[in-house]
Structure formats: structure tokens, C-alpha cells
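Asks: Here's a structure for you.
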Amino acid sequence: MKPEQQHQLFQSVQELIEKAQQSIVRSVNSTMVATYFQIGRMIVEDEQQGKAYATYGNETITKLSQHLTQHFGKGYSPDSLERMRAFFVTYGNSETLSRNSDKPDTNSATVLRNLPAGLYLSWSHYITLLKIKDSQERKFYELEATTGNWSVRELRRQINSSYYERLSLSRDKEGIRKLAEQGQLLERPTDILKGPVILEFLNLNEDHRYSENDLETAIINKLEHFMLELGKGFLFEGRQRRISLEGDHYWVDLAFYNRLLKCFVLIDLKIGKLTHQDIGQMQMYVNYYDRKIKQADERPTIGIILCKEDNRSVVEFTLPLDNEQIFSKEYKLYLPSKEELKQQLL
């Protein structure tokens with residue numbers, strides 16, 4: 001067998017095993033989630049047979065925990081059983097509640113069908129989601145974690161960075177409702193905007209003096225994190241893209257393409273307060289890409305000036321009222337509190 005054939009065989013076998021392993025993990029995960037859902041259902045249905053919850057929680061759950069721990073080991077503490085109960089209370093529906101508790105259906109596929117469509121996340125994902133009290137916010141993160149294939153770590157990071165609130169700041173009430181029902185949809189340029197952009201993963205000290213080149217280099221070194229922060233559909237096109245006009249050279253800091261919006265997205269980095277010169281410079285970049293780079297079937301180029309301090313008055317009087325191409329957004333090198341962002345939503 002030739003080396004190339006051997007390599008192809010080895011790769012094919014490796015891919016087959018990896019797919020099998022992934023399938024096993026998904027199957028185990030689905031069974032675990034379904035089982036915990038059923039345990040929560042059985043606890044709630046037993047609780048509904050006239051028992052006061054406080055007494056039930058102190059007595060029956062504690063004894064059930066001791067019984068399960070004796071037979072199966074760790075994983076069934078009173079707190080764990082409380083989470084299973086909360087899981088069912090949050091995601092259960094009337095059809096599930098009306099089942100015959102003497103003969104519960106423990107088939108994972110059947111149980112998962114009774115969960116909201118598409119929510120096939122791990123138990124660790126659900127534990128994180130159960131901490132979110134606002135139902136619209138929780139639904140949003142469920143959808144984004146599912147469609148974006150977020151790890152538990154990424155889900156926690158997005159919640160801690162108030163991703164939902166930051167998207168909500170640029171939307172009206174109807175737009176906020178759609179976030180909960182459909183997740184982040186990219187249909188127009190403003191859909192990619194959130195405020196502020198959180199770059200805590202760059203590990204740049206807020207008080208330390210850094211240059212725009214330092215900021216750009218840090219972003220490139222953490223490009224995957226930066227693209228997750230940007231949102232859906234982004235493809236990296238390049239850094240320091242040169243534009244030459246009559247012997248003068250200009251450089252676009254970061255260039256992306258968004259496959260959902262079908263347009264180029266140019267990002268310029270500014271470590272100070274936004275100026276009208278910054279907007280003029282971005283206008284030139286956008287015009288160049290629209291006239292020289294983009295194809296006829298692509299949408300107009302979007303330009304985003306990522307700055308340390310925004311200047312809304314300068315933006316308002318520099319750009320036309322119907323502007324849908326050039327935007328400025330502040331960035332922060334730390335995670336703001338959710339309370340701080342929620343105050344801006346009021």
C-alpha cells in the first residue's frame with residue numbers, strides 16, 4: 001500500500017472512531033438530561049399529593065438523597081435533587097405533568113421531545129441556565145448556546161458579560177422580544193451591534209498604557225474569542241489591509257466578512273475618544289470596499305470604529321440620518337455589572 005493510501009486509511013479510521021465517540025457522548029448526555037428531568041417530575045408530582053413544600057424539601061428530598069447516594073454514589077445530594085426539581089418546574093409542561101406517575105416514561109428521546117424544541121444541551125448547561133430568573137433572557141441564551149454550539153465556559157462568559165443586555169440596548173421592545181424567541185438574527189447592519197463590546201479576554205490592564213497596535217495584536221492573538229464576541233457569521237479576512245490612493249497608503253486595522261449579512265465588515269481600533277476624523281477615515285475605507293472590492297450581489301460594506309470613548313454628538317452630525325453603514329462602539333477591558341447595563345435599559 002502506498003504511503004498516500006495508508007494515510008487516507010488511517011485518517012478515515014480515525015474520523016470514524018471520533019464520530020462514534022461523539023455519538024456516544026451525545027447519547028449519554030441526552031439520557032442524563034432526560035433522567036434528571038424525570039427525577040424532577042417525580043419529585044414534583046409526589047410533592048403535589050398534599051405535602052407542603054417546606055416539609056417535603058427538608059424531609060423527603062434529604063431521605064431520597066441518602067437512598068440514592070447509598071445505591072449510586074455521588075451526584076445525588078439534596079442540592080442536586082433540588083436542581084432536578086427546578087429543571088422540571090422550569091421546563092415541564094402540562095402534557096408531562098399529566099403523565100401517570102406510577103409508570104413514568106424514561107425513554108430519553110420521548111422526554112427530550114417534551115423540552116422546548118432544539119434544546120439539547122448538557123446538564124451543566126442547564127444548571128447554568130437555571131440561575132437566570134428572567135424567562136426571556138434565559139430563552140435567548142438557550143437558543144444561542146444551541147445554535148452557536150457554546151461550551152459551558154463560553155455560555156457562562158456570555159452571561160457574565162451581559163450579552164443579552166448589550167444586544168437589547170440597540171433594540172426596541174419588539175426587538176428584545178425577538179431576541180428571546182429567535183435568538184440573534186442578522187438581517188440588517190444594526191443587528192450585529194451591541195454596546196459596549198467587552199474585551200476582558202485580552203487581559204489588557206485598564207490602567208496600563210497600550211497602543212492601538214498592542215490592542216490589535218492582542219485581538220489577533222485571541223481571534224476566536226473576538227469573533228465570538230462579534231457574533232454570528234463572521235469570517236476573518238485579514239489585518240492591516242492596504243488601500244493605495246495616488247501613492248498614499250492607508251491601512252484597515254481588521255477586515256471581516258459576514259456570511260449571513262453577505263457583506264464586508266471593517267473595524268478600526270481607536271484607544272482614545274472618537275473624533276470626526278476617525279469617522280471620515282472609516283467612510284473612505286467603506287467607500288473603497290464598496291466600489292473596488294465587493295461584488296454586485298453583496299450588500300454594502302459595514303464600518304465599525306471600536307473606540308475607548310464614544311462621541312454620540314460627533315456621530316450624529318457627521319453621518320447622514322439614514323446611515324446604515326458606519327457605526328461607533330465603545331469597548332471595555334472589564335466585565336461591567338449586569339445592574340449597570342440593566343439601568344441603561346430602563
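Every chain in the C-alpha cells has a letter given in the order shown (A, B, ...), and although residue numbers restart at 1 in each chain, ligands are simply numbered from 1 in the order shown.
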Determine which residues of segment 186-322 of chain A receive a DSSP assignment of alpha helix (DSSP H), computed from the backbone, and state them as a PyMOL selection string.
Replies: chain A and resi 212-221+223-230+276-288+312-318
Asks: Using only C-alpha atoms, which protein or nucleic acid residues come within 12 Å of Gln158 of chain A? Drop anything in the same chain fewer than 4 positions from it, and give the result as a VMD selection string.
Replies: chain A and resid 128 to 129 137 to 138 140 to 142 144 to 145 148 150 to 154 162 to 167 197 to 201 225 228 to 231 335 to 336 338
Asks: Fewer than 4 positions away in the same chain doesn't count, so skip those; otherwise give me all residues within 9 Å of Cys307 of chain A, counting only C-alpha atoms, as a CSV table (one decimal) with all heavy atoms, in the first residue's frame.
Replies:
chain,number,residue,atom,x,y,z
A,268,ASP,N,-11.9,49.6,12.7
A,268,ASP,CA,-10.8,50.4,13.0
A,268,ASP,C,-10.7,50.5,14.5
A,268,ASP,O,-11.8,50.7,15.2
A,268,ASP,CB,-11.0,51.8,12.4
A,268,ASP,CG,-9.7,52.3,11.7
A,268,ASP,OD1,-8.8,51.5,11.6
A,268,ASP,OD2,-9.6,53.5,11.3
A,269,LEU,N,-9.5,50.5,15.1
A,269,LEU,CA,-9.3,50.5,16.5
A,269,LEU,C,-8.8,51.8,17.0
A,269,LEU,O,-7.8,52.3,16.4
A,269,LEU,CB,-8.4,49.4,16.9
A,269,LEU,CG,-8.7,48.0,16.5
A,269,LEU,CD1,-7.6,47.0,16.8
A,269,LEU,CD2,-10.0,47.5,17.2
A,270,LYS,N,-9.5,52.4,18.0
A,270,LYS,CA,-9.0,53.7,18.5
A,270,LYS,C,-9.0,53.7,20.0
A,270,LYS,O,-10.0,53.3,20.6
A,270,LYS,CB,-10.0,54.8,18.1
A,270,LYS,CG,-10.2,55.0,16.6
A,270,LYS,CD,-8.9,55.4,15.9
A,270,LYS,CE,-9.0,55.5,14.4
A,270,LYS,NZ,-7.7,55.8,13.7
A,271,ILE,N,-7.8,54.0,20.6
A,271,ILE,CA,-7.7,53.9,22.0
A,271,ILE,C,-8.1,55.2,22.8
A,271,ILE,O,-8.0,55.2,24.0
A,271,ILE,CB,-6.2,53.5,22.4
A,271,ILE,CG1,-5.3,54.6,21.9
A,271,ILE,CG2,-5.8,52.2,21.8
A,271,ILE,CD1,-3.8,54.4,22.4
A,272,GLY,N,-8.5,56.2,22.0
A,272,GLY,CA,-9.0,57.4,22.6
A,272,GLY,C,-10.4,57.7,22.4
A,272,GLY,O,-11.2,56.8,22.0
A,273,LYS,N,-10.8,59.0,22.5
A,273,LYS,CA,-12.2,59.4,22.2
A,273,LYS,C,-12.4,59.6,20.7
A,273,LYS,O,-11.5,60.0,20.0
A,273,LYS,CB,-12.4,60.7,22.9
A,273,LYS,CG,-13.9,61.2,22.9
A,273,LYS,CD,-14.1,62.5,23.7
A,273,LYS,CE,-15.6,62.9,23.7
A,273,LYS,NZ,-15.8,64.1,24.5
A,274,LEU,N,-13.6,59.2,20.3
A,274,LEU,CA,-13.9,59.2,18.9
A,274,LEU,C,-13.8,60.7,18.3
A,274,LEU,O,-14.3,61.6,19.0
A,274,LEU,CB,-15.3,58.6,18.6
A,274,LEU,CG,-15.8,58.6,17.2
A,274,LEU,CD1,-15.1,57.5,16.4
A,274,LEU,CD2,-17.3,58.4,17.1
A,328,SER,N,-20.1,53.5,15.5
A,328,SER,CA,-19.0,53.6,16.5
A,328,SER,C,-19.5,52.8,17.7
A,328,SER,O,-20.7,52.9,18.1
A,328,SER,CB,-18.7,55.0,16.9
A,328,SER,OG,-19.9,55.7,17.4
A,329,LYS,N,-18.6,52.1,18.4
A,329,LYS,CA,-18.9,51.4,19.6
A,329,LYS,C,-17.8,51.4,20.6
A,329,LYS,O,-16.6,51.3,20.2
A,329,LYS,CB,-19.2,49.9,19.2
A,329,LYS,CG,-20.6,49.7,18.7
A,329,LYS,CD,-21.7,50.0,19.7
A,329,LYS,CE,-23.1,50.0,19.1
A,329,LYS,NZ,-24.1,50.5,20.1
A,330,GLU,N,-18.1,51.6,21.8
A,330,GLU,CA,-17.1,51.6,22.9
A,330,GLU,C,-16.7,50.2,23.2
A,330,GLU,O,-17.5,49.3,23.0
A,330,GLU,CB,-17.7,52.3,24.1
A,330,GLU,CG,-17.8,53.8,24.1
A,330,GLU,CD,-18.1,54.4,25.4
A,330,GLU,OE1,-18.4,53.6,26.4
A,330,GLU,OE2,-18.1,55.6,25.5
A,331,TYR,N,-15.5,50.0,23.6
A,331,TYR,CA,-15.1,48.7,24.1
A,331,TYR,C,-14.6,48.9,25.6
A,331,TYR,O,-14.3,50.0,26.0
A,331,TYR,CB,-13.9,48.2,23.3
A,331,TYR,CG,-12.6,48.9,23.4
A,331,TYR,CD1,-11.7,48.6,24.5
A,331,TYR,CD2,-12.2,49.9,22.5
A,331,TYR,CE1,-10.5,49.3,24.6
A,331,TYR,CE2,-11.0,50.6,22.6
A,331,TYR,CZ,-10.2,50.3,23.6
A,331,TYR,OH,-9.0,51.0,23.8
Asks: Mind listing the strand (DSSP E or B) residues of segment 109-343 of chain A, per DSSP on the backbone, as number ranges by chain?
Replies: A: 197-198, 234-245, 248-258, 263-273, 302-309, 326-332
Asks: Given only C-alpha atoms as the basis, pick out the residue of A:Lys133, A:Arg312, A:Arg156, A:Lys332 nearest to Thr275 of chain A.
Replies: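 Comparing A:Lys133, A:Arg312, A:Arg156, A:Lys332 against Thr275 of chain A, the winner is A:Arg312.
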Asks: Could you jot down the atom CA of Leu204 of chain A to atom CA of Ile219 of chain A separation for me, Å, one decimal place?
Replies: 10.4 Å
Asks: What are the closest atom pairs, with distances in Å to one decimal, for all residues of segment 262-334 of chain A lying within 12 Å of segment 238-245 of chain A? Consider only C-alpha atoms, order rows by chain and residue number, and present the result as a Markdown table.
Replies:
| residue | atom | partner | partner_atom | distance |
| --- | --- | --- | --- | --- |
| A:Phe264 | CA | A:Gly238 | CA | 11.2 |
| A:Val265 | CA | A:Gly238 | CA | 10.9 |
| A:Leu266 | CA | A:Arg241 | CA | 9.7 |
| A:Ile267 | CA | A:Arg239 | CA | 9.5 |
| A:Asp268 | CA | A:Gln240 | CA | 9.7 |
| A:Leu269 | CA | A:Gln240 | CA | 11.1 |
| A:Gln281 | CA | A:Ile243 | CA | 11.5 |
| A:Met282 | CA | A:Ile243 | CA | 11.9 |
| A:Met284 | CA | A:Ile243 | CA | 9.7 |
| A:Tyr285 | CA | A:Ile243 | CA | 7.8 |
| A:Val286 | CA | A:Ile243 | CA | 10.9 |
| A:Asn287 | CA | A:Ile243 | CA | 11.2 |
| A:Tyr288 | CA | A:Ile243 | CA | 7.9 |
| A:Tyr289 | CA | A:Ile243 | CA | 9.2 |
| A:Lys292 | CA | A:Ile243 | CA | 10.2 |
| A:Ile293 | CA | A:Ile243 | CA | 10.8 |
Asks: What is the distance between atom CA of Asp79 of chain A and atom CA of Gly92 of chain A, in Å to one decimal?
Replies: 19.3 Å
Asks: Counting only C-alpha atoms, figure out which residue out of A:Arg291, A:Lys63, A:His276, A:Lys222 gets nearest to Phe317 of chain A.
Replies: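 So, comparing all the options, the nearest one is A:His276.
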